[in-house]
$ cat model.tsv   # TSV, C-alpha atoms (C1' of nucleotides)
chain	number	residue	atom	x	y	z
Q	13	MET	CA	60.22	6.94	-14.71
Q	14	ASN	CA	60.51	10.57	-15.75
Q	15	ASP	CA	56.80	11.20	-15.39
Q	16	GLU	CA	57.98	12.26	-11.98
Q	17	LEU	CA	60.30	14.87	-13.48
Q	18	ILE	CA	57.45	16.22	-15.56
Q	19	ASN	CA	55.29	16.52	-12.46
Q	20	GLN	CA	58.14	18.28	-10.70
Q	21	PHE	CA	58.37	20.92	-13.40
Q	22	VAL	CA	54.62	21.28	-13.79
Q	23	GLU	CA	54.19	21.92	-10.08
Q	24	THR	CA	57.08	24.37	-9.99
Q	25	TRP	CA	55.65	26.27	-12.94
Q	26	GLY	CA	52.24	26.28	-11.27
Q	27	THR	CA	53.72	27.67	-8.08
Q	28	MET	CA	55.55	30.35	-9.99
Q	29	GLY	CA	52.32	31.29	-11.73
Q	30	SER	CA	50.52	31.64	-8.42
Q	31	ALA	CA	53.24	33.93	-7.14
Q	32	TRP	CA	52.76	36.20	-10.15
Q	33	GLY	CA	49.00	36.25	-10.19
Q	34	VAL	CA	48.43	33.54	-12.78
Q	35	ASN	CA	45.86	30.87	-12.08
Q	36	ASN	CA	47.46	27.64	-10.93
Q	37	SER	CA	45.66	25.39	-13.42
Q	38	VAL	CA	46.54	27.69	-16.28
Q	39	ALA	CA	50.18	27.67	-15.28
Q	40	ARG	CA	50.23	23.90	-14.84
Q	41	VAL	CA	48.81	23.29	-18.30
Q	42	HIS	CA	51.38	25.69	-19.67
Q	43	GLY	CA	54.12	23.91	-17.75
Q	44	LEU	CA	53.09	20.60	-19.25
Q	45	LEU	CA	53.27	21.97	-22.79
Q	46	ILE	CA	56.64	23.52	-22.07
Q	47	ILE	CA	58.36	20.55	-20.52
Q	48	THR	CA	57.08	17.93	-22.96
Q	49	ASP	CA	57.39	20.06	-26.08
Q	50	ARG	CA	54.80	18.21	-28.10
Q	51	PRO	CA	51.17	18.90	-29.00
Q	52	TRP	CA	48.53	17.84	-26.49
Q	53	CYS	CA	44.78	17.65	-26.94
Q	54	ILE	CA	42.30	18.47	-24.22
Q	55	ASP	CA	41.52	14.94	-23.12
Q	56	GLU	CA	45.16	14.01	-22.87
Q	57	ILE	CA	45.74	16.97	-20.58
Q	58	VAL	CA	42.67	16.05	-18.55
Q	59	GLU	CA	44.06	12.57	-18.13
Q	60	ARG	CA	47.61	13.70	-17.34
Q	61	LEU	CA	46.90	16.52	-14.91
Q	62	ARG	CA	43.72	15.10	-13.42
Q	63	ILE	CA	41.69	18.24	-13.79
Q	64	SER	CA	38.31	18.67	-15.44
Q	65	LYS	CA	37.82	19.13	-19.13
Q	66	SER	CA	36.14	22.49	-18.66
Q	67	ASN	CA	39.07	23.65	-16.58
Q	68	VAL	CA	41.49	22.60	-19.30
Q	69	SER	CA	39.36	24.25	-21.94
Q	70	THR	CA	39.30	27.60	-20.16
Q	71	SER	CA	42.96	27.33	-19.25
Q	72	LEU	CA	43.87	26.83	-22.91
Q	73	LYS	CA	41.70	29.79	-23.84
Q	74	GLU	CA	43.57	31.88	-21.31
Q	75	LEU	CA	46.95	30.71	-22.60
Q	76	ARG	CA	45.89	31.53	-26.14
Q	77	SER	CA	44.99	35.05	-25.05
Q	78	TRP	CA	48.57	35.41	-23.81
Q	79	ASN	CA	49.90	34.18	-27.17
Q	80	VAL	CA	52.02	31.53	-25.55
Q	81	ILE	CA	50.43	28.49	-27.15
Q	82	ARG	CA	49.12	27.70	-30.58
Q	83	LYS	CA	46.72	25.25	-32.17
Q	84	VAL	CA	48.25	22.37	-34.03
Q	85	PHE	CA	46.32	20.11	-36.36
Q	86	LEU	CA	47.54	16.59	-36.72
Q	87	PRO	CA	46.66	14.88	-40.00
Q	88	GLY	CA	43.90	12.31	-39.67
Q	89	ASP	CA	42.83	13.56	-36.25
Q	90	ARG	CA	40.01	15.99	-35.83
Q	91	ARG	CA	40.87	16.95	-32.28
Q	92	GLU	CA	42.59	20.25	-31.62
Q	93	PHE	CA	46.08	19.98	-30.25
Q	94	TYR	CA	48.07	22.69	-28.56
Q	95	ALA	CA	51.77	23.29	-28.44
Q	96	CYS	CA	53.63	26.06	-26.71
Q	97	GLU	CA	55.61	28.84	-28.27
Q	98	PRO	CA	58.98	27.18	-28.96
Q	99	ASN	CA	61.20	30.12	-28.09
Q	100	ALA	CA	61.41	30.87	-24.37
Q	101	TRP	CA	62.31	34.52	-24.82
Q	102	GLU	CA	59.59	35.05	-27.34
Q	103	MET	CA	57.17	33.47	-24.87
Q	104	LEU	CA	58.31	35.84	-22.17
Q	105	PHE	CA	57.96	38.82	-24.47
Q	106	ASN	CA	54.47	37.81	-25.45
Q	107	ILE	CA	53.53	37.70	-21.80
Q	108	MET	CA	55.17	41.08	-21.22
Q	109	ARG	CA	53.28	42.60	-24.13
Q	110	GLN	CA	50.00	41.41	-22.71
Q	111	ARG	CA	50.71	42.41	-19.15
Q	112	LYS	CA	51.80	45.81	-20.32
Q	113	LYS	CA	48.60	46.31	-22.24
Q	114	ARG	CA	46.34	44.96	-19.52
Q	115	GLU	CA	48.01	46.25	-16.40
Q	116	LEU	CA	50.78	48.76	-16.92
Q	117	ASP	CA	49.12	50.99	-19.52
Q	118	PRO	CA	45.90	51.67	-17.58
Q	119	ILE	CA	47.83	52.29	-14.38
Q	120	LEU	CA	50.26	54.60	-16.08
Q	121	ALA	CA	47.39	56.53	-17.62
Q	122	SER	CA	45.69	56.87	-14.25
Q	123	ILE	CA	48.83	57.98	-12.47
Q	124	SER	CA	49.72	60.46	-15.18
Q	125	LEU	CA	46.28	61.98	-14.80
Q	126	THR	CA	46.57	62.16	-11.03
Q	127	CYS	CA	50.01	63.68	-11.45
Q	128	GLU	CA	48.70	66.42	-13.74
Q	129	GLN	CA	45.82	67.20	-11.44
Q	130	ALA	CA	48.05	67.22	-8.38
Q	131	LYS	CA	50.25	69.91	-9.82
Q	132	LYS	CA	47.26	72.22	-9.81
Q	133	ALA	CA	45.96	71.40	-6.34
Q	134	PRO	CA	48.97	70.22	-4.48
Q	135	SER	CA	48.09	70.63	-0.79
Q	136	GLY	CA	48.40	67.39	1.15
Q	137	ILE	CA	49.84	65.58	-1.84
Q	138	ALA	CA	53.49	64.80	-2.35
Q	139	VAL	CA	53.78	66.01	-5.92
Q	140	ASP	CA	57.47	65.17	-6.14
Q	141	ARG	CA	56.87	61.68	-4.92
Q	142	LEU	CA	54.08	61.20	-7.37
Q	143	ALA	CA	56.24	62.46	-10.22
Q	144	GLN	CA	58.96	60.04	-9.15
Q	145	MET	CA	56.51	57.15	-9.27
Q	146	LYS	CA	55.33	58.19	-12.69
Q	147	GLN	CA	58.89	58.43	-13.91
Q	148	MET	CA	59.64	54.96	-12.64
Q	149	LEU	CA	56.61	53.51	-14.35
Q	150	ASP	CA	57.70	55.31	-17.51
Q	151	VAL	CA	60.94	53.38	-17.42
Q	152	PHE	CA	58.99	50.14	-17.28
Q	153	ASP	CA	56.85	51.37	-20.10
Q	154	ASN	CA	59.97	51.98	-22.15
Q	155	LEU	CA	61.37	48.59	-21.30
Q	156	ALA	CA	58.17	46.86	-22.28
Q	157	THR	CA	57.86	48.90	-25.45
Q	158	LEU	CA	61.38	47.93	-26.32
Q	159	ALA	CA	60.61	44.25	-25.81
Q	160	LEU	CA	57.52	44.73	-27.91
Q	161	LYS	CA	59.59	46.05	-30.76
Q	162	SER	CA	62.69	44.02	-30.75
Q	163	GLU	CA	63.77	40.90	-29.07
Q	164	ALA	CA	67.29	41.50	-30.32
Q	165	GLN	CA	67.59	44.81	-28.52
Q	166	VAL	CA	66.57	43.34	-25.22
Q	167	LYS	CA	69.00	40.50	-25.62
Q	168	ALA	CA	71.73	43.01	-26.35
Q	169	LEU	CA	70.79	44.84	-23.18
Q	170	VAL	CA	70.73	41.63	-21.19
Q	171	SER	CA	74.17	40.76	-22.50
Q	172	LEU	CA	75.45	43.94	-20.87
Q	173	LEU	CA	74.57	42.53	-17.50
Q	174	PRO	CA	77.58	41.77	-15.36
Q	175	LYS	CA	77.68	37.99	-15.00
Q	176	ARG	CA	77.47	36.53	-11.56
Q	177	LYS	CA	80.25	34.32	-10.34
J	12	MET	CA	39.17	68.98	-2.44
J	13	ASN	CA	42.18	66.85	-3.22
J	14	ASP	CA	41.10	64.08	-0.90
J	15	GLU	CA	39.65	62.85	-4.14
J	16	LEU	CA	43.07	62.82	-5.78
J	17	ILE	CA	44.44	60.85	-2.89
J	18	ASN	CA	41.65	58.32	-3.26
J	19	GLN	CA	42.38	58.10	-6.96
J	20	PHE	CA	45.99	57.22	-6.37
J	21	VAL	CA	45.27	54.86	-3.49
J	22	GLU	CA	42.80	52.90	-5.61
J	23	THR	CA	45.17	52.79	-8.56
J	24	TRP	CA	47.98	51.53	-6.36
J	25	GLY	CA	45.64	48.95	-4.85
J	26	THR	CA	44.65	47.75	-8.30
J	27	MET	CA	48.26	47.50	-9.36
J	28	GLY	CA	49.01	45.49	-6.24
J	29	SER	CA	46.22	43.06	-7.01
J	30	ALA	CA	47.55	42.58	-10.52
J	31	TRP	CA	50.94	41.60	-9.10
J	32	GLY	CA	49.75	39.36	-6.33
J	33	VAL	CA	49.85	41.88	-3.50
J	34	ASN	CA	46.89	42.07	-1.17
J	35	ASN	CA	44.65	45.00	-2.00
J	36	SER	CA	44.51	46.44	1.53
J	37	VAL	CA	48.27	46.21	1.85
J	38	ALA	CA	48.72	48.07	-1.42
J	39	ARG	CA	46.14	50.71	-0.50
J	40	VAL	CA	47.84	51.45	2.80
J	41	HIS	CA	51.13	51.67	0.97
J	42	GLY	CA	49.57	53.97	-1.61
J	43	LEU	CA	48.33	56.29	1.10
J	44	LEU	CA	51.78	56.56	2.65
J	45	ILE	CA	53.31	57.18	-0.77
J	46	ILE	CA	50.97	59.86	-2.00
J	47	THR	CA	50.76	61.84	1.24
J	48	ASP	CA	54.41	61.50	2.19
J	49	ARG	CA	53.90	61.99	5.88
J	50	PRO	CA	53.78	59.67	8.88
J	51	TRP	CA	50.44	58.07	9.66
J	52	CYS	CA	49.39	56.14	12.75
J	53	ILE	CA	47.10	53.14	12.67
J	54	ASP	CA	43.92	54.90	13.74
J	55	GLU	CA	44.38	57.66	11.20
J	56	ILE	CA	44.68	55.05	8.46
J	57	VAL	CA	41.63	53.21	9.79
J	58	GLU	CA	39.69	56.46	9.64
J	59	ARG	CA	40.99	57.44	6.21
J	60	LEU	CA	40.65	54.13	4.37
J	61	ARG	CA	37.65	52.81	6.30
J	62	ILE	CA	39.15	49.42	6.98
J	63	SER	CA	39.50	47.65	10.30
J	64	LYS	CA	42.31	48.28	12.72
J	65	SER	CA	43.42	44.65	12.58
J	66	ASN	CA	43.59	44.84	8.83
J	67	VAL	CA	45.74	47.97	9.01
J	68	SER	CA	47.94	46.39	11.64
J	69	THR	CA	48.64	43.30	9.54
J	70	SER	CA	49.04	45.36	6.38
J	71	LEU	CA	51.69	47.49	8.06
J	72	LYS	CA	53.43	44.36	9.27
J	73	GLU	CA	53.48	43.07	5.71
J	74	LEU	CA	54.83	46.36	4.37
J	75	ARG	CA	57.54	46.32	7.00
J	76	SER	CA	58.55	42.82	5.88
J	77	TRP	CA	59.06	44.26	2.39
J	78	ASN	CA	61.20	47.06	3.83
J	79	VAL	CA	59.15	49.73	2.15
J	80	ILE	CA	57.95	51.57	5.25
J	81	ARG	CA	59.52	52.51	8.53
J	82	LYS	CA	58.41	53.44	12.01
J	83	VAL	CA	58.55	57.09	12.91
J	84	PHE	CA	58.25	58.40	16.44
J	85	LEU	CA	56.80	61.84	16.87
J	86	PRO	CA	57.89	63.68	20.02
J	87	GLY	CA	55.19	63.86	22.65
J	88	ASP	CA	53.09	61.18	21.02
J	89	ARG	CA	53.31	57.58	22.07
J	90	ARG	CA	51.59	56.18	19.02
J	91	GLU	CA	53.65	54.52	16.32
J	92	PHE	CA	53.67	56.31	13.01
J	93	TYR	CA	54.70	54.90	9.68
J	94	ALA	CA	56.23	56.61	6.68
J	95	CYS	CA	57.22	55.08	3.40
J	96	GLU	CA	60.71	54.73	1.99
J	97	PRO	CA	61.34	58.15	0.47
J	98	ASN	CA	63.19	57.00	-2.64
J	99	ALA	CA	60.99	55.34	-5.26
J	100	TRP	CA	63.80	53.32	-6.83
J	101	GLU	CA	65.05	52.17	-3.49
J	102	MET	CA	61.50	51.10	-2.68
J	103	LEU	CA	61.32	49.11	-5.88
J	104	PHE	CA	64.67	47.46	-5.23
J	105	ASN	CA	63.65	46.48	-1.74
J	106	ILE	CA	60.59	44.80	-3.19
J	107	MET	CA	62.71	43.09	-5.83
J	108	ARG	CA	65.13	41.82	-3.21
J	109	GLN	CA	62.30	40.27	-1.26
J	110	ARG	CA	60.51	38.77	-4.24
J	111	LYS	CA	63.77	37.31	-5.46
J	112	LYS	CA	64.42	35.69	-2.12
J	113	ARG	CA	60.86	34.46	-1.65
J	114	GLU	CA	59.90	33.46	-5.17
J	115	LEU	CA	62.69	33.42	-7.71
J	116	ASP	CA	65.36	31.63	-5.68
J	117	PRO	CA	63.27	28.57	-4.73
J	118	ILE	CA	61.95	28.22	-8.27
J	119	LEU	CA	65.36	28.54	-9.81
J	120	ALA	CA	66.68	25.91	-7.42
J	121	SER	CA	63.85	23.56	-8.31
J	122	ILE	CA	64.25	24.03	-12.05
J	123	SER	CA	68.02	23.63	-11.90
J	124	LEU	CA	67.49	20.35	-10.13
J	125	THR	CA	64.92	19.15	-12.65
J	126	CYS	CA	67.28	20.22	-15.42
J	127	GLU	CA	70.14	18.17	-14.01
J	128	GLN	CA	67.97	15.12	-13.55
J	129	ALA	CA	66.46	15.46	-17.02
J	130	LYS	CA	69.87	15.28	-18.65
J	131	LYS	CA	70.24	11.80	-17.24
J	132	ALA	CA	66.77	10.48	-18.10
J	133	PRO	CA	65.68	12.56	-21.03
J	134	SER	CA	62.93	10.54	-22.71
J	135	GLY	CA	59.69	12.49	-23.04
J	136	ILE	CA	61.27	15.63	-21.70
J	137	ALA	CA	62.39	18.56	-23.77
J	138	VAL	CA	65.81	18.99	-22.26
J	139	ASP	CA	66.74	21.89	-24.53
J	140	ARG	CA	63.55	23.69	-23.68
J	141	LEU	CA	64.14	23.17	-20.01
J	142	ALA	CA	67.70	24.44	-20.30
J	143	GLN	CA	66.40	27.50	-22.12
J	144	MET	CA	63.95	28.19	-19.30
J	145	LYS	CA	66.67	27.83	-16.73
J	146	GLN	CA	68.91	30.15	-18.69
J	147	MET	CA	66.16	32.75	-18.84
J	148	LEU	CA	65.54	32.56	-15.12
J	149	ASP	CA	69.29	32.91	-14.62
J	150	VAL	CA	69.14	36.23	-16.42
J	151	PHE	CA	66.48	37.40	-14.00
J	152	ASP	CA	68.56	36.14	-11.16
J	153	ASN	CA	71.47	38.21	-12.43
J	154	LEU	CA	69.28	41.25	-12.85
J	155	ALA	CA	67.91	40.94	-9.34
J	156	THR	CA	71.34	40.29	-7.90
J	157	LEU	CA	72.57	43.39	-9.62
J	158	ALA	CA	69.76	45.46	-8.15
J	159	LEU	CA	70.54	43.94	-4.80
J	160	LYS	CA	74.09	45.14	-5.04
J	161	SER	CA	73.92	48.47	-6.64
J	162	GLU	CA	71.19	50.88	-7.42
J	163	ALA	CA	73.64	52.93	-9.44
J	164	GLN	CA	74.40	50.09	-11.84
J	165	VAL	CA	70.77	49.50	-12.59
J	166	LYS	CA	70.18	53.16	-13.16
J	167	ALA	CA	73.11	53.19	-15.55
J	168	LEU	CA	71.58	50.27	-17.38
J	169	VAL	CA	68.21	51.94	-17.48
J	170	SER	CA	69.77	55.07	-18.90
J	171	LEU	CA	70.91	52.98	-21.86
J	172	LEU	CA	67.31	52.37	-22.78
J	173	PRO	CA	66.29	54.02	-26.02
J	174	LYS	CA	63.82	56.72	-25.11
J	175	ARG	CA	60.38	56.53	-26.58
J	176	LYS	CA	59.16	59.38	-28.71
U	30	DC	C1'	19.41	12.47	-40.63
U	31	DC	C1'	21.08	10.53	-36.32
U	32	DA	C1'	24.69	9.05	-33.28
U	33	DT	C1'	29.20	10.23	-31.80
U	34	DT	C1'	33.10	12.99	-30.97
U	35	DT	C1'	34.94	17.22	-29.56
U	36	DG	C1'	34.92	21.61	-27.42
U	37	DT	C1'	32.68	25.56	-24.84
U	38	DT	C1'	29.69	27.86	-21.54
U	39	DC	C1'	27.63	28.53	-17.36
U	40	DG	C1'	25.43	27.78	-12.75
U	41	DT	C1'	26.99	26.42	-8.57
U	42	DA	C1'	29.74	23.62	-5.25
U	43	DA	C1'	34.17	23.56	-3.26
U	44	DT	C1'	37.94	26.02	-1.81
U	45	DA	C1'	40.85	29.84	-0.63
U	46	DT	C1'	41.38	34.52	0.78
U	47	DT	C1'	40.48	38.54	3.13
U	48	DC	C1'	38.50	41.19	6.67
U	49	DT	C1'	36.58	41.88	10.94
U	50	DG	C1'	35.71	42.28	15.91
U	51	DA	C1'	36.73	40.42	20.15
U	52	DA	C1'	40.15	38.92	23.18
U	53	DC	C1'	44.50	39.50	24.47
U	54	DA	C1'	49.04	41.88	25.36
U	55	DT	C1'	51.88	45.89	26.66
U	56	DA	C1'	53.08	50.11	28.19
U	57	DA	C1'	52.07	54.75	29.86
U	58	DC	C1'	49.87	57.58	33.04
U	59	DG	C1'	47.50	59.21	37.06
Z	30	DC	C1'	47.97	49.52	41.31
Z	31	DG	C1'	44.00	50.35	38.23
Z	32	DT	C1'	42.69	52.77	34.13
Z	33	DT	C1'	43.41	54.21	29.57
Z	34	DA	C1'	45.74	54.19	25.19
Z	35	DT	C1'	47.83	51.51	21.76
Z	36	DG	C1'	48.92	47.52	19.05
Z	37	DT	C1'	48.64	42.44	17.86
Z	38	DT	C1'	46.64	37.96	17.28
Z	39	DC	C1'	43.21	34.86	16.04
Z	40	DA	C1'	38.72	32.42	15.17
Z	41	DG	C1'	35.27	32.76	12.27
Z	42	DA	C1'	32.29	35.54	9.04
Z	43	DA	C1'	32.20	37.56	4.62
Z	44	DT	C1'	33.79	37.50	0.17
Z	45	DA	C1'	36.19	36.08	-3.93
Z	46	DT	C1'	38.19	32.61	-6.66
Z	47	DT	C1'	38.49	28.28	-8.72
Z	48	DA	C1'	37.01	23.91	-10.41
Z	49	DC	C1'	33.55	20.88	-11.70
Z	50	DG	C1'	30.02	18.65	-14.41
Z	51	DA	C1'	25.83	19.14	-16.75
Z	52	DA	C1'	23.90	21.26	-20.54
Z	53	DC	C1'	24.70	23.04	-24.70
Z	54	DA	C1'	26.81	23.83	-29.50
Z	55	DA	C1'	29.12	22.29	-33.65
Z	56	DA	C1'	30.94	19.39	-36.67
Z	57	DT	C1'	32.04	14.66	-38.35
Z	58	DG	C1'	31.01	10.32	-40.14
Z	59	DG	C1'	28.05	6.50	-40.83
$ encode --input "model.tsv" --output "structure tokens"
Amino acid sequence: MNDELINQFVETWGTMGSAWGVNNSVARVHGLLIITDRPWCIDEIVERLRISKSNVSTSLKELRSWNVIRKVFLPGDRREFYACEPNAWEMLFNIMRQRKKRELDPILASISLTCEQAKKAPSGIAVDRLAQMKQMLDVFDNLATLALKSEAQVKALVSLLPKRK
Amino acid sequence: MNDELINQFVETWGTMGSAWGVNNSVARVHGLLIITDRPWCIDEIVERLRISKSNVSTSLKELRSWNVIRKVFLPGDRREFYACEPNAWEMLFNIMRQRKKRELDPILASISLTCEQAKKAPSGIAVDRLAQMKQMLDVFDNLATLALKSEAQVKALVSLLPKRK
DNA sequence: CCATTTGTTCGTAATATTCTGAACATAACG
DNA sequence: CGTTATGTTCAGAATATTACGAACAAATGG
């Protein structure tokens, strides 16, 4: 039975989430929607993953905030179903957009400020080092901005990557 | 006094660490070494960050495992000092190398396996979707492999990025 | 209306993690 | 040697996170 395969993927996705600071339940729910590629309602997910309804509800809310799932209404059924973003790259970009906004932007702002201030009162502070850090974060900012604007451009960039044997 | 600036950066770095799944103390110690750019011994760090010696000791061990700091011996002093990797990009690549080995590689292996198996028993599983995921992770694998091999190549790639206004 | 279905919120129990201080090593020094 | 300086390990305390289920909407359908 390939329920086992689904479990395999769901657990792997959950583990990956944990490694990148995403709640395990959230990642598992996401994994389920990815691997099955059909709409699921809350109670079905509860049943399948054996986690509480409230946990599923908040996990779905979280996934919605990342723009990686969407509500689907099935005719003749008043439950809310959820399906994941069908394009893997688009999914990734949505996550990048959010992480940029939530994590990179504030940090970049803070470091830029520190950098400015350090130039004026530099003793004990490695101004060069700080500038280097800022510059590096700027590159990430550019990358993320690029992804935000155009999937095509990033794909073009990716295609420039030397392929591994 | 620019102790305040140092604090600012240390806290920012700590916050960034937390966002990416790195222990806050570990990231704060790292931040201190980055922003001051001089060797610190354990007791100095204890004093400066107001955290326990054991915490500093384990944090330094962790940072060493990421290859982002190194021991420095000062003549006439038998304490062990630590300084961070002086090149920001090299630091980043060292982290990437480790994360790839610890997190990406096992996940990619697992998903490749699931992907193979799914092709044989596909009912209920979105094989295309799964293949797409695998392909995407492969791109990351290539990127990381590239960074592992050559800093110069990545920099060249980065330089291709359209600059933001 | 009222019962039922569906979904969310929230207090707290369960769990996981982080941090500490004490105990333990190890090496230098007198 | 014994004493001091230095660093690590580890059990458990402190803290933070996560998950649950009960209570609470809200909306449907009889």
$ calpha_fit_rmsd --input "model.tsv" --fixed "chain J" --moving "chain Q"
0.1 Å
$ residues_around --input "model.tsv" --residues "range 50-57 of chain J" --least-positions-apart "2" --cutoff "10 Å" --atoms "only C-alpha atoms (C1' of nucleotides)" --output "PyMOL selection string"
(chain J and resi 40+43-45+47-48+59-68+71+80-85+90-95) or (chain Z and resi 35-36)
$ interface_residues --input "model.tsv" --of "chain U" --to "chain Q" --cutoff "9 Å" --atoms "all atoms listed in the file" --output "number ranges by chain"
U: 34-38
$ write_last_selection --input "model.tsv" --atoms "C-alpha atoms (C1' of nucleotides)" --output "compact mmCIF listing (two decimals), in the frame of the given file"
# COMPACT_ATOMS: atom_id res chain seq x y z
C1' DT U 34 33.10 12.99 -30.97
C1' DT U 35 34.94 17.22 -29.56
C1' DG U 36 34.92 21.61 -27.42
C1' DT U 37 32.68 25.56 -24.84
C1' DT U 38 29.69 27.86 -21.54
$ interface_residues --input "model.tsv" --of "chain Z" --to "chain Q" --cutoff "12 Å" --atoms "only C-alpha atoms (C1' of nucleotides)" --output "VMD selection string"
chain Z and resid 46 to 51 56 to 58
$ interface_residues --input "model.tsv" --of "chain Q" --to "chain J" --cutoff "7 Å" --atoms "all atoms listed in the file" --output "ChimeraX atom specification"
/Q:14,17,21,24,28,31-33,47-49,100,115,119,123,126,133,136-138,141-142,144-145,154,175-176
$ atom_distance --input "model.tsv" --atom1 "C1' of DG50 in chain U" --atom2 "CA of Arg39 in chain J"
21.2 Å
$ atom_distance --input "model.tsv" --atom1 "CA of Gln109 in chain J" --atom2 "CA of Leu148 in chain J"
16.2 Å
$ atom_distance --input "model.tsv" --atom1 "CA of Met108 in chain Q" --atom2 "CA of Ala159 in chain Q"
7.8 Å
$ closest_residue --input "model.tsv" --among "J:Glu58, J:Phe104, J:Val37, J:Glu96" --to "Glu73 in chain J" --atoms "all atoms listed in the file"
J:Val37
